[in-house]
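S.K.: One file is attached below, target_26.cif, containing mmCIF, C-alpha atoms.
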data_my_file
loop_
_atom_site.label_atom_id
_atom_site.label_comp_id
_atom_site.auth_asym_id
_atom_site.auth_seq_id
_atom_site.Cartn_x
_atom_site.Cartn_y
_atom_site.Cartn_z
CA MET A 1 -31.31 59.38 -174.45
CA ASN A 2 -28.34 57.02 -174.79
CA LEU A 3 -28.61 53.22 -174.69
CA GLU A 4 -27.42 52.91 -171.07
CA LYS A 5 -30.12 55.31 -169.83
CA LYS A 6 -32.77 53.52 -171.88
CA ILE A 7 -31.82 50.16 -170.37
CA ASN A 8 -31.84 51.56 -166.83
CA LEU A 9 -35.21 53.17 -167.45
CA ARG A 10 -36.64 49.84 -168.58
CA ILE A 11 -35.22 48.06 -165.53
CA ASN A 12 -36.78 50.71 -163.30
CA LEU A 13 -40.15 50.43 -165.04
CA TYR A 14 -40.00 46.65 -164.78
CA ILE A 15 -39.41 46.78 -161.02
CA TYR A 16 -42.17 49.39 -160.57
CA PHE A 17 -44.43 47.01 -162.51
CA ILE A 18 -43.48 44.18 -160.12
CA ILE A 19 -44.14 46.42 -157.09
CA PHE A 20 -47.57 47.43 -158.34
CA TYR A 21 -48.73 43.92 -159.15
CA SER A 22 -47.22 42.46 -155.97
CA ILE A 23 -49.31 44.77 -153.80
CA PHE A 24 -52.33 44.44 -156.09
CA TYR A 25 -52.35 40.64 -155.97
CA LEU A 26 -51.55 40.56 -152.25
CA TYR A 27 -54.63 42.67 -151.67
CA THR A 28 -56.88 40.60 -153.92
CA LYS A 29 -55.96 37.35 -152.17
CA HIS A 30 -55.55 38.41 -148.54
CA ASN A 31 -59.10 37.33 -147.70
CA VAL A 32 -58.96 34.04 -149.63
CA GLY A 33 -59.68 31.24 -147.16
CA ASN A 34 -57.20 28.67 -148.50
CA ASP A 35 -54.22 30.90 -149.38
CA SER A 36 -50.90 29.44 -148.19
CA SER A 37 -49.19 32.80 -147.88
CA ILE A 38 -51.72 33.82 -145.20
CA SER A 39 -51.60 30.49 -143.33
CA GLU A 40 -47.81 30.83 -142.88
CA TRP A 41 -48.32 34.06 -140.94
CA LEU A 42 -50.95 32.50 -138.64
CA ILE A 43 -48.46 30.17 -136.90
CA ASN A 44 -47.92 31.44 -133.34
CA TYR A 45 -46.73 30.60 -129.81
CA GLN A 46 -50.14 30.36 -128.13
CA GLY A 47 -49.81 26.57 -127.89
CA GLY A 48 -46.15 26.70 -126.89
CA PHE A 49 -42.82 27.38 -128.57
CA THR A 50 -42.71 26.27 -132.21
CA ARG A 51 -40.83 26.88 -135.40
CA ARG A 52 -42.11 29.79 -137.50
CA GLY A 53 -44.20 31.12 -134.63
CA LEU A 54 -42.59 34.56 -134.30
CA GLY A 55 -44.20 35.82 -137.52
CA GLY A 56 -47.68 35.17 -136.16
CA GLU A 57 -46.88 36.78 -132.82
CA ILE A 58 -45.62 39.93 -134.57
CA ASN A 59 -48.88 40.15 -136.52
CA PHE A 60 -50.91 39.63 -133.32
CA PHE A 61 -48.96 42.47 -131.71
CA LEU A 62 -49.57 44.79 -134.66
CA GLN A 63 -53.25 43.83 -134.75
CA LYS A 64 -53.68 44.91 -131.13
CA ILE A 65 -51.87 48.22 -131.74
CA PHE A 66 -53.75 49.23 -134.89
CA ASP A 67 -57.04 47.44 -134.11
CA LEU A 68 -57.46 46.19 -137.67
CA PRO A 69 -58.58 42.74 -138.89
CA LEU A 70 -55.75 40.22 -138.64
CA ARG A 71 -55.74 39.48 -142.36
CA LYS A 72 -55.46 43.19 -143.11
CA ILE A 73 -52.40 43.35 -140.83
CA ILE A 74 -50.88 40.35 -142.62
CA PHE A 75 -51.52 42.08 -145.96
CA PHE A 76 -49.71 45.21 -144.74
CA THR A 77 -46.82 43.10 -143.39
CA GLN A 78 -46.44 41.24 -146.68
CA SER A 79 -46.72 44.43 -148.76
CA PHE A 80 -44.16 46.22 -146.58
CA PHE A 81 -41.49 43.56 -147.04
CA HIS A 82 -42.17 43.21 -150.78
CA PHE A 83 -41.96 46.97 -151.25
CA ILE A 84 -38.78 47.39 -149.17
CA TYR A 85 -37.01 44.53 -150.93
CA LEU A 86 -37.84 45.77 -154.43
CA ILE A 87 -36.94 49.38 -153.62
CA LEU A 88 -33.61 48.31 -152.13
CA LEU A 89 -32.91 46.21 -155.21
CA LEU A 90 -33.96 49.04 -157.53
CA ASN A 91 -31.58 51.40 -155.77
CA TYR A 92 -28.77 48.81 -155.90
CA LEU A 93 -29.17 48.37 -159.65
CA LYS A 94 -29.33 52.11 -160.29
CA ASN A 95 -27.08 53.57 -162.97
CA TYR A 96 -25.12 50.39 -163.67
CA GLN A 97 -24.32 49.50 -167.26
CA PHE A 98 -25.45 45.90 -167.76
CA ASN A 99 -24.48 43.76 -170.73
CA ILE A 100 -26.98 41.60 -172.59
CA ILE A 101 -26.31 38.38 -170.65
CA GLN A 102 -26.73 40.27 -167.37
CA LEU A 103 -30.07 41.59 -168.61
CA PHE A 104 -31.18 38.04 -169.34
CA ALA A 105 -30.10 37.14 -165.78
CA LEU A 106 -32.15 40.00 -164.32
CA PHE A 107 -35.26 39.28 -166.40
CA THR A 108 -35.28 35.49 -166.03
CA PRO A 109 -38.79 34.27 -165.07
CA ILE A 110 -37.46 32.52 -161.95
CA PHE A 111 -36.46 35.86 -160.42
CA LEU A 112 -38.48 39.05 -159.91
CA ILE A 113 -41.58 38.25 -161.94
CA TYR A 114 -42.02 34.78 -160.44
CA PRO A 115 -44.12 35.67 -157.34
CA ILE A 116 -46.70 37.58 -159.40
CA ALA A 117 -46.68 35.02 -162.20
CA GLU A 118 -47.27 32.27 -159.63
CA ILE A 119 -49.29 34.14 -157.00
CA GLU A 120 -49.48 31.15 -154.66
CA VAL A 121 -45.84 32.04 -153.88
CA LEU A 122 -46.57 35.74 -153.39
CA GLY A 123 -46.49 36.82 -149.75
CA ARG A 124 -44.49 33.87 -148.44
CA LYS A 125 -41.82 34.42 -145.82
CA GLU A 126 -38.85 34.26 -148.19
CA MET A 127 -39.42 37.93 -148.99
CA LEU A 128 -38.20 38.68 -145.47
CA LEU A 129 -35.02 36.74 -146.28
CA TYR A 130 -34.44 38.85 -149.38
CA VAL A 131 -34.78 42.08 -147.36
CA PHE A 132 -32.31 40.72 -144.81
CA PHE A 133 -29.78 39.58 -147.42
CA ILE A 134 -29.80 42.71 -149.56
CA SER A 135 -29.59 44.84 -146.39
CA THR A 136 -26.49 42.84 -145.46
CA VAL A 137 -25.08 43.51 -148.93
CA TYR A 138 -25.57 47.24 -148.38
CA LEU A 139 -23.67 47.00 -145.10
CA CYS A 140 -20.68 45.58 -146.98
CA SER A 141 -20.07 49.06 -148.38
CA LYS A 142 -16.80 50.68 -147.33
CA LYS A 143 -18.65 53.43 -145.49
CA PHE A 144 -19.88 50.91 -142.90
CA SER A 145 -17.64 49.24 -140.33
CA ASN A 146 -16.95 45.52 -140.08
CA ASN A 147 -18.48 45.44 -136.60
CA LEU A 148 -21.77 46.87 -137.86
CA LEU A 149 -22.12 44.09 -140.44
CA ASN A 150 -21.11 41.40 -137.95
CA THR A 151 -23.48 42.69 -135.27
CA PHE A 152 -26.35 43.03 -137.74
CA ILE A 153 -26.02 39.39 -138.85
CA CYS A 154 -25.48 38.17 -135.27
CA ILE A 155 -28.69 39.84 -134.02
CA THR A 156 -30.94 39.55 -137.07
CA PHE A 157 -30.20 36.02 -138.29
CA PRO A 158 -31.64 34.24 -135.20
CA VAL A 159 -34.78 36.38 -135.49
CA ILE A 160 -35.20 35.23 -139.09
CA VAL A 161 -34.64 31.63 -137.97
CA LEU A 162 -37.58 32.01 -135.57
CA ILE A 163 -39.75 33.16 -138.49
CA TRP A 164 -38.54 30.69 -141.16
CA GLU A 165 -35.94 28.20 -139.95
CA GLN A 166 -34.92 27.04 -143.45
CA VAL A 167 -32.89 30.24 -143.81
CA VAL A 168 -30.02 28.27 -142.22
CA LEU A 169 -29.48 26.60 -145.60
CA TYR A 170 -28.66 30.03 -147.03
CA ALA A 171 -26.26 30.97 -144.21
CA PRO A 172 -23.22 30.29 -146.48
CA TYR A 173 -24.21 33.31 -148.60
CA PHE A 174 -23.84 35.48 -145.49
CA VAL A 175 -20.53 33.77 -144.68
CA ILE A 176 -19.20 34.92 -148.07
CA LEU A 177 -20.03 38.52 -147.18
CA ILE A 178 -18.43 38.14 -143.74
CA ILE A 179 -15.18 36.82 -145.28
CA ILE A 180 -14.96 39.68 -147.76
CA LYS A 181 -15.98 42.47 -145.40
CA ASN A 182 -13.66 41.28 -142.60
CA ASP A 183 -10.84 40.45 -145.03
CA LEU A 184 -10.34 37.01 -143.48
CA GLN A 185 -7.20 35.28 -144.69
CA THR A 186 -7.20 31.77 -143.24
CA PHE A 187 -9.67 28.98 -142.61
CA SER A 188 -9.05 29.33 -138.88
CA ASN A 189 -10.05 33.00 -138.98
CA VAL A 190 -13.12 32.21 -141.06
CA PHE A 191 -14.22 29.45 -138.68
CA LYS A 192 -13.73 31.52 -135.51
CA LYS A 193 -15.41 34.63 -136.87
CA THR A 194 -18.43 32.86 -138.37
CA LEU A 195 -18.87 30.65 -135.30
CA LEU A 196 -18.92 33.74 -133.09
CA ILE A 197 -21.42 35.55 -135.32
CA PHE A 198 -23.74 32.57 -135.85
CA THR A 199 -23.69 31.13 -132.30
CA PRO A 200 -27.04 32.77 -131.34
CA SER A 201 -28.58 31.43 -134.57
CA LEU A 202 -27.26 27.91 -133.90
CA ILE A 203 -28.72 27.98 -130.39
CA VAL A 204 -32.12 29.08 -131.73
CA PHE A 205 -32.08 26.43 -134.46
CA PHE A 206 -31.19 23.63 -132.04
CA LEU A 207 -33.99 24.75 -129.71
CA ILE A 208 -36.43 24.50 -132.63
CA PHE A 209 -35.03 21.06 -133.49
CA ILE A 210 -35.09 19.73 -129.92
CA TYR A 211 -38.44 21.15 -128.81
CA PRO A 212 -41.05 20.61 -131.53
CA LEU A 213 -44.65 21.57 -130.99
CA SER A 214 -46.77 18.74 -129.54
CA ASN A 215 -50.11 17.70 -130.98
CA HIS A 216 -51.80 19.14 -127.88
CA GLY A 217 -49.90 22.42 -128.29
CA HIS A 218 -50.90 22.56 -131.95
CA GLN A 219 -54.53 22.05 -130.98
CA GLN A 220 -54.25 24.91 -128.47
CA MET A 221 -52.69 27.14 -131.12
CA CYS A 222 -55.53 26.41 -133.54
CA GLU A 223 -58.19 26.95 -130.88
CA TYR A 224 -56.68 30.34 -130.02
CA LEU A 225 -56.77 31.35 -133.69
CA ASN A 226 -60.39 30.26 -134.00
CA ILE A 227 -61.64 31.87 -130.76
CA THR A 228 -59.66 35.12 -130.99
CA TYR A 229 -59.61 35.83 -134.72
CA GLY A 230 -62.11 33.44 -136.28
CA GLU A 231 -59.27 31.81 -138.25
CA GLN A 232 -58.80 28.11 -138.97
CA CYS A 233 -55.51 26.21 -138.99
CA TYR A 234 -55.06 25.30 -142.64
CA MET A 235 -52.23 24.69 -145.13
CA SER A 236 -48.90 25.65 -143.49
CA ALA A 237 -50.44 26.13 -140.04
CA SER A 238 -52.23 22.77 -140.29
CA LEU A 239 -49.14 20.90 -141.52
CA LEU A 240 -46.90 22.26 -138.74
CA VAL A 241 -46.80 19.02 -136.74
CA THR A 242 -47.09 16.55 -139.65
CA ASN A 243 -44.43 18.04 -141.94
CA THR A 244 -41.75 18.18 -139.27
CA ILE A 245 -38.19 19.45 -139.14
CA TYR A 246 -36.83 15.90 -138.73
CA PHE A 247 -36.18 15.09 -142.40
CA ASP A 248 -39.08 12.60 -142.48
CA THR A 249 -41.01 14.05 -145.42
CA PHE A 250 -39.02 12.47 -148.25
CA GLN A 251 -41.66 9.89 -149.14
CA THR A 252 -44.48 12.44 -148.89
CA VAL A 253 -42.70 14.72 -151.36
CA HIS A 254 -41.65 12.13 -153.90
CA GLU A 255 -44.36 9.47 -153.84
CA ASN A 256 -46.37 11.27 -156.53
CA ALA A 257 -43.43 12.62 -158.53
CA SER A 258 -42.30 11.08 -161.81
CA ILE A 259 -39.20 11.09 -164.00
CA GLU A 260 -40.96 13.70 -166.12
CA ASN A 261 -41.23 16.01 -163.10
CA TYR A 262 -37.53 15.66 -162.27
CA LEU A 263 -36.45 16.21 -165.88
CA ARG A 264 -38.74 19.25 -166.13
CA TYR A 265 -37.11 20.88 -163.12
CA LEU A 266 -33.66 20.04 -164.38
CA LEU A 267 -34.52 21.98 -167.55
CA ILE A 268 -36.03 24.81 -165.47
CA PHE A 269 -32.78 25.06 -163.56
CA LEU A 270 -30.57 24.90 -166.65
CA ILE A 271 -32.61 27.45 -168.61
CA GLY A 272 -33.63 29.74 -165.75
CA PHE A 273 -30.15 29.81 -164.22
CA GLY A 274 -28.54 29.71 -167.68
CA PRO A 275 -27.54 33.40 -168.05
CA LEU A 276 -26.22 33.61 -164.48
CA ASN A 277 -24.34 30.33 -164.85
CA TYR A 278 -22.79 31.65 -168.07
CA LEU A 279 -21.64 34.79 -166.28
CA VAL A 280 -20.03 33.03 -163.32
CA PHE A 281 -18.34 30.40 -165.49
CA THR A 282 -16.82 32.97 -167.88
CA ASN A 283 -15.60 35.44 -165.27
CA SER A 284 -13.30 35.25 -162.25
CA PHE A 285 -12.04 37.10 -159.19
CA LYS A 286 -9.72 40.01 -159.98
CA GLN A 287 -7.48 39.58 -156.95
CA LYS A 288 -6.58 36.74 -154.64
CA ASN A 289 -6.52 38.76 -151.44
CA ASN A 290 -8.59 36.77 -148.92
CA TYR A 291 -9.36 33.18 -148.00
CA LEU A 292 -12.25 33.01 -150.42
CA THR A 293 -10.51 34.29 -153.52
CA LYS A 294 -7.24 32.49 -152.75
CA ASN A 295 -8.81 29.06 -152.56
CA PHE A 296 -11.88 29.09 -154.80
CA LYS A 297 -12.88 30.10 -158.28
CA LEU A 298 -16.06 32.11 -158.85
CA TYR A 299 -17.97 29.21 -160.41
CA GLN A 300 -16.90 26.87 -157.58
CA ILE A 301 -18.40 29.21 -154.98
CA HIS A 302 -21.57 29.46 -157.06
CA ILE A 303 -21.94 25.66 -157.06
CA ILE A 304 -20.92 25.12 -153.41
CA LEU A 305 -23.49 27.63 -152.18
CA LEU A 306 -26.28 25.71 -153.91
CA VAL A 307 -25.34 22.34 -152.37
CA PRO A 308 -27.08 22.82 -148.96
CA VAL A 309 -30.28 23.85 -150.78
CA ILE A 310 -30.56 20.31 -152.19
CA LEU A 311 -32.12 19.40 -148.81
CA LEU A 312 -35.11 21.59 -149.67
CA PHE A 313 -35.65 19.70 -152.91
CA LEU A 314 -35.30 16.35 -151.14
CA PHE A 315 -37.69 17.08 -148.28
CA GLY A 316 -39.85 19.95 -149.55
CA TYR A 317 -42.71 20.00 -152.04
CA ASP A 318 -42.50 23.58 -153.35
CA TRP A 319 -39.75 23.17 -155.92
CA GLY A 320 -40.72 26.34 -157.78
CA ARG A 321 -40.20 28.33 -154.58
CA TRP A 322 -36.82 26.70 -153.90
CA ILE A 323 -35.67 27.59 -157.42
CA ASN A 324 -36.83 31.19 -156.95
CA ILE A 325 -35.20 31.59 -153.51
CA SER A 326 -31.91 30.00 -154.58
CA TYR A 327 -31.73 32.10 -157.71
CA THR A 328 -32.49 35.31 -155.80
CA PHE A 329 -29.66 34.73 -153.34
CA SER A 330 -27.28 33.72 -156.13
CA VAL A 331 -27.97 36.69 -158.41
CA ILE A 332 -27.84 39.24 -155.57
CA LEU A 333 -24.46 37.83 -154.51
CA TYR A 334 -23.26 38.02 -158.12
CA LEU A 335 -24.42 41.66 -158.30
CA PHE A 336 -22.50 42.36 -155.09
CA PHE A 337 -19.32 40.89 -156.60
CA LEU A 338 -19.91 42.88 -159.77
CA LYS A 339 -20.68 46.26 -158.22
CA SER A 340 -17.86 45.89 -155.67
CA ASP A 341 -15.47 45.38 -158.59
CA LEU A 342 -14.33 42.04 -157.17
CA ILE A 343 -14.80 40.07 -160.39
CA THR A 344 -14.12 40.55 -164.07
CA ASN A 345 -16.98 41.62 -166.30
CA PHE A 346 -16.14 40.06 -169.64
CA LEU A 347 -18.84 39.26 -172.17
CA ILE A 348 -17.43 36.20 -173.92
CA ILE A 349 -19.61 34.83 -176.71
CA ASN A 350 -17.88 31.86 -178.32
CA ASN A 351 -20.98 30.04 -179.46
CA PHE A 352 -21.74 30.60 -183.16
CA LEU A 353 -25.53 30.50 -182.69
CA LEU A 354 -25.43 32.99 -179.82
CA ARG A 355 -23.28 35.37 -181.87
CA LYS A 356 -25.78 35.21 -184.73
CA ILE A 357 -28.68 35.94 -182.36
CA PHE A 358 -26.89 38.82 -180.63
CA ASN A 359 -25.98 40.38 -183.96
CA LYS A 360 -29.61 40.45 -185.11
CA GLN A 361 -31.49 42.99 -183.01
CA LYS A 362 -35.00 41.83 -183.92
CA ILE A 363 -34.19 38.17 -183.31
CA LEU A 364 -32.49 39.08 -180.03
CA PHE A 365 -35.55 41.01 -178.89
CA LEU A 366 -37.84 38.05 -179.66
CA VAL A 367 -35.56 35.58 -177.87
CA PHE A 368 -35.33 37.91 -174.87
CA PHE A 369 -39.10 38.45 -174.76
CA PHE A 370 -39.96 34.75 -175.01
CA PHE A 371 -37.28 33.81 -172.46
CA SER A 372 -38.36 36.46 -169.92
CA PHE A 373 -42.14 36.66 -170.18
CA PHE A 374 -43.58 33.50 -171.75
CA TRP A 375 -43.01 30.83 -169.12
CA ASN A 376 -42.44 30.13 -165.44
CA PRO A 377 -42.35 27.08 -163.15
CA LYS A 378 -45.37 26.25 -161.03
CA THR A 379 -45.12 26.13 -157.24
CA VAL A 380 -44.87 22.38 -156.61
CA ILE A 381 -42.75 19.61 -158.08
CA THR A 382 -45.68 17.97 -159.89
CA GLY A 383 -46.86 21.20 -161.53
CA ASP A 384 -46.42 21.72 -165.27
CA ILE A 385 -44.75 24.75 -166.85
CA ALA A 386 -46.98 27.82 -166.85
CA THR A 387 -47.10 29.77 -170.11
CA ASN A 388 -47.79 33.35 -171.23
CA SER A 389 -46.70 34.69 -167.83
CA LEU A 390 -46.68 38.43 -168.54
CA TYR A 391 -49.93 38.30 -170.51
CA LYS A 392 -51.70 36.37 -167.74
CA ILE A 393 -50.53 38.79 -165.05
CA ILE A 394 -52.13 41.70 -166.89
CA TYR A 395 -55.13 39.78 -168.24
CA ASN A 396 -56.06 38.23 -164.88
CA SER A 397 -55.79 41.61 -163.18
CA THR A 398 -58.35 43.05 -165.63
CA LYS A 399 -60.71 40.20 -164.74
CA LEU A 400 -60.42 41.17 -161.08
CA ILE A 401 -60.67 44.92 -161.65
CA PHE A 402 -63.56 44.86 -164.15
CA ASN A 403 -65.24 41.76 -162.70
CA HIS A 404 -65.47 39.80 -165.94
CA ASP A 405 -64.97 36.06 -166.41
CA GLY A 406 -62.74 36.31 -169.45
CA ILE A 407 -63.02 36.71 -173.18
CA ARG A 408 -66.50 35.37 -173.99
CA LEU A 409 -67.51 37.23 -177.16
CA PHE A 410 -67.93 35.01 -180.23
CA GLN A 411 -67.46 31.90 -178.11
CA ASP A 412 -67.72 29.57 -181.09
CA ASN A 413 -64.87 31.31 -182.86
CA PRO A 414 -61.80 29.00 -183.11
CA ILE A 415 -59.52 31.81 -181.93
CA ILE A 416 -61.62 32.37 -178.79
CA LYS A 417 -61.74 28.61 -178.13
CA PHE A 418 -57.96 28.45 -178.47
CA HIS A 419 -57.55 31.44 -176.10
CA LYS A 420 -59.84 29.88 -173.47
CA LYS A 421 -58.19 26.46 -173.61
CA TYR A 422 -54.50 27.31 -173.93
CA ILE A 423 -53.99 30.91 -172.80
CA GLU A 424 -56.47 31.56 -169.99
#
Rewrite the structure of this file - the entire thing - as structure tokens.

M.R.:
Amino acid sequence: MNLEKKINLRINLYIYFIIFYSIFYLYTKHNVGNDSSISEWLINYQGGFTRRGLGGEINFFLQKIFDLPLRKIIFFTQSFFHFIYLILLLNYLKNYQFNIIQLFALFTPIFLIYPIAEIEVLGRKEMLLYVFFISTVYLCSKKFSNNLLNTFICITFPVIVLIWEQVVLYAPYFVILIIIKNDLQTFSNVFKKTLLIFTPSLIVFFLIFIYPLSNHGHQQMCEYLNITYGEQCYMSASLLVTNTIYFDTFQTVHENASIENYLRYLLIFLIGFGPLNYLVFTNSFKQKNNYLTKNFKLYQIHIILLVPVILLFLFGYDWGRWINISYTFSVILYLFFLKSDLITNFLIINNFLLRKIFNKQKILFLVFFFFSFFWNPKTVITGDIATNSLYKIIYNSTKLIFNHDGIRLFQDNPIIKFHKKYIE
């Protein structure tokens, strides 16, 4: 087996590993009473129109059809979207020859492994965004017409807005695909085409902004959940009317944060995004044949697309999630550029230290392993860095499967004490 096939096999196995543990951990936590990923899917329209309510209504509809417990339906919904996204990504990566920096970019702990390393994130609605975006990438293939892509975005985007309105901050990623697929040449053409495609989404978003759920409506929604399904409004469902869409949560988010927290996330961004940033800064568009490539460099687009997402960090608490979502969109777009042969694919290593590492296979393996599997950000801004990510995923699953509390033999042994304090 040649090196290319070995690398592709390892990528495939890695994604199968992610699929297995995603579904495993979704199942183990779907009955947990305080899990945020369940509470998100409980928001509904029974107290009136509200942001994020469509997801709950879809689950209510499925519950009535299949006559299963609501939480079981939510588990199946979450598992379906996780599975579809990872299979689509697996197929998209198939048989491509990746260089070492690209492998670092694929295996960064803020990408695929993050939801199962930080299971509070697992099952959240962003997985639906990933399915939507990578499906749009597929439709950019030459075998599909421009109208199919445009119609798909026009119809689907407002539906996603009704489920998770913050997707509007990632609309520029879809605009990039529209420009390339439609071969738009001028700003005027870009503006007219995108305005036409996104008009239904803008209408939906403004309706959400103008007509928030009242306190009375929220009470009705919670009463319906309690009476019909025996569910309480908690976490996301409880915070629906207090954490509003009106950009009034800045103080709530930052009152407990410190300089240490901000510096930590700056390092998380620089290190986690590092390989991808290196790739986009050392490569460029091959041809200047549309408005995008004529007027912008690859790294400029990469930076511009991240600017709207700053709003999430200013007014949202889940900084680990925002890093994960932003990276996912960015790396999938980069892969689209790469596989569509729109950008160069040079591996430029000018740094002396990097050259020394890449020339030593054993050292390179250790650096790769520690970078990919030994750390990950926590969910919220005030959370510390988690360590031993891969080990904990496997170790914690054995605790659940075999119903043990952890390593407890020879409890006075210094090694066991160290394991309990720093690794578990």

S.K.: Would you mind telling me which residue in A:Phe285, A:Phe24, A:Phe66, A:Phe187 lies nearest to His82 of chain A when using only C-alpha atoms?

M.R.: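 That would be A:Phe24, the residue with the smallest distance to His82 of chain A.
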
S.K.: Run the PyMOL selection byres ((chain A and resi 31-33) around 9) on the file and write out the hits as a ChimeraX atom specification.

M.R.: /A:27-30,34-35,38-39,71-72,231-232,234

S.K.: Quote the spacing between atom CA of Arg124 of chain A and atom CA of Trp41 of chain A in Å to one decimal place.

M.R.: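 Interatomic distance, atom CA of Arg124 of chain A to atom CA of Trp41 of chain A: 8.4 Å.
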
S.K.: Evaluate the PyMOL selection byres ((chain A and resi 102) around 10) and record the selected residues as a PyMOL selection string, following the chain and residue labels used in the document.

M.R.: chain A and resi 97-101+103-108+275-276+278-279+331+335+345+347

S.K.: Can you work out which one of A:Thr344, A:Ser214, A:Asn243, A:Ser330 has the shortest atom-to-atom distance to Ile301 of chain A, counting all atoms listed in the file?

M.R.: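 Looking at the shortest contact to Ile301 of chain A, the residue is A:Ser330.
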
S.K.: Find the spatial neighbours of segment 91-95 of chain A, counting all atoms listed in the file, within a cut-off of 9 Å - ignore same-chain residues fewer than 2 positions away - and output them as a CSV table (one decimal) with C-alpha atoms, in the frame of the given file.

M.R.:
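selection.csv written:
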chain,number,residue,atom,x,y,z
A,4,GLU,CA,-27.4,52.9,-171.1
A,5,LYS,CA,-30.1,55.3,-169.8
A,8,ASN,CA,-31.8,51.6,-166.8
A,11,ILE,CA,-35.2,48.1,-165.5
A,12,ASN,CA,-36.8,50.7,-163.3
A,86,LEU,CA,-37.8,45.8,-154.4
A,87,ILE,CA,-36.9,49.4,-153.6
A,88,LEU,CA,-33.6,48.3,-152.1
A,89,LEU,CA,-32.9,46.2,-155.2
A,97,GLN,CA,-24.3,49.5,-167.3
A,134,ILE,CA,-29.8,42.7,-149.6
A,138,TYR,CA,-25.6,47.2,-148.4
A,335,LEU,CA,-24.4,41.7,-158.3
A,339,LYS,CA,-20.7,46.3,-158.2

S.K.: So what do you get for atom CA of Trp164 of chain A versus atom CA of Phe205 of chain A, distance-wise?

M.R.: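 Interatomic distance here is 10.2 Å.
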
S.K.: May I have the residues within 7 Å of segment 314-321 of chain A as a list in words, using all atoms listed in the file and disregarding those fewer than 3 positions away in the same chain?

M.R.: Val121, Phe247, Thr249, Phe250, Val253, Ile310, Leu311, Asn324, Ile325, Pro377, Lys378, Thr379, Val380 and Ile381 of chain A

S.K.: Report, in Å with one decimal, the straight-line distance from atom CA of Asn283 of chain A to atom CA of Leu298 of chain A.

M.R.: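 A separation of 7.2 Å between them.
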
S.K.: Taking the block above, write segment 156-198 of chain A with C-alpha atoms as a compact mmCIF listing (two decimals), in the first residue's frame.

M.R.:
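Listing of result-v3.txt after writing:
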# COMPACT_ATOMS: atom_id res chain seq x y z
CA THR A 156 -33.14 26.21 2.37
CA PHE A 157 -31.41 29.20 3.97
CA PRO A 158 -34.60 30.76 5.43
CA VAL A 159 -35.55 27.36 6.87
CA ILE A 160 -32.17 27.19 8.62
CA VAL A 161 -32.69 30.76 9.89
CA LEU A 162 -35.94 29.60 11.53
CA ILE A 163 -33.99 26.84 13.30
CA TRP A 164 -30.84 28.81 14.25
CA GLU A 165 -30.90 32.46 13.23
CA GLN A 166 -27.17 33.04 13.80
CA VAL A 167 -26.49 31.29 10.50
CA VAL A 168 -26.88 34.74 8.90
CA LEU A 169 -23.35 35.54 10.11
CA TYR A 170 -22.09 32.72 7.88
CA ALA A 171 -24.07 33.83 4.81
CA PRO A 172 -20.89 35.32 3.22
CA TYR A 173 -19.51 31.78 2.84
CA PHE A 174 -22.53 30.95 0.68
CA VAL A 175 -22.06 34.21 -1.25
CA ILE A 176 -18.56 33.04 -2.22
CA LEU A 177 -20.03 29.86 -3.70
CA ILE A 178 -22.71 31.84 -5.53
CA ILE A 179 -20.09 34.14 -7.11
CA ILE A 180 -17.96 31.24 -8.31
CA LYS A 181 -20.79 29.02 -9.52
CA ASN A 182 -22.57 31.86 -11.36
CA ASP A 183 -19.30 33.32 -12.66
CA LEU A 184 -20.26 36.83 -11.52
CA GLN A 185 -17.94 39.50 -12.87
CA THR A 186 -18.96 42.79 -11.27
CA PHE A 187 -20.07 44.06 -7.88
CA SER A 188 -23.42 45.02 -9.39
CA ASN A 189 -24.00 41.45 -10.56
CA VAL A 190 -22.96 40.07 -7.19
CA PHE A 191 -25.27 42.43 -5.31
CA LYS A 192 -28.31 41.76 -7.52
CA LYS A 193 -27.87 37.99 -7.56
CA THR A 194 -27.25 37.61 -3.83
CA LEU A 195 -30.07 40.01 -2.94
CA LEU A 196 -32.47 37.97 -5.06
CA ILE A 197 -31.34 34.67 -3.53
CA PHE A 198 -31.29 35.87 0.08
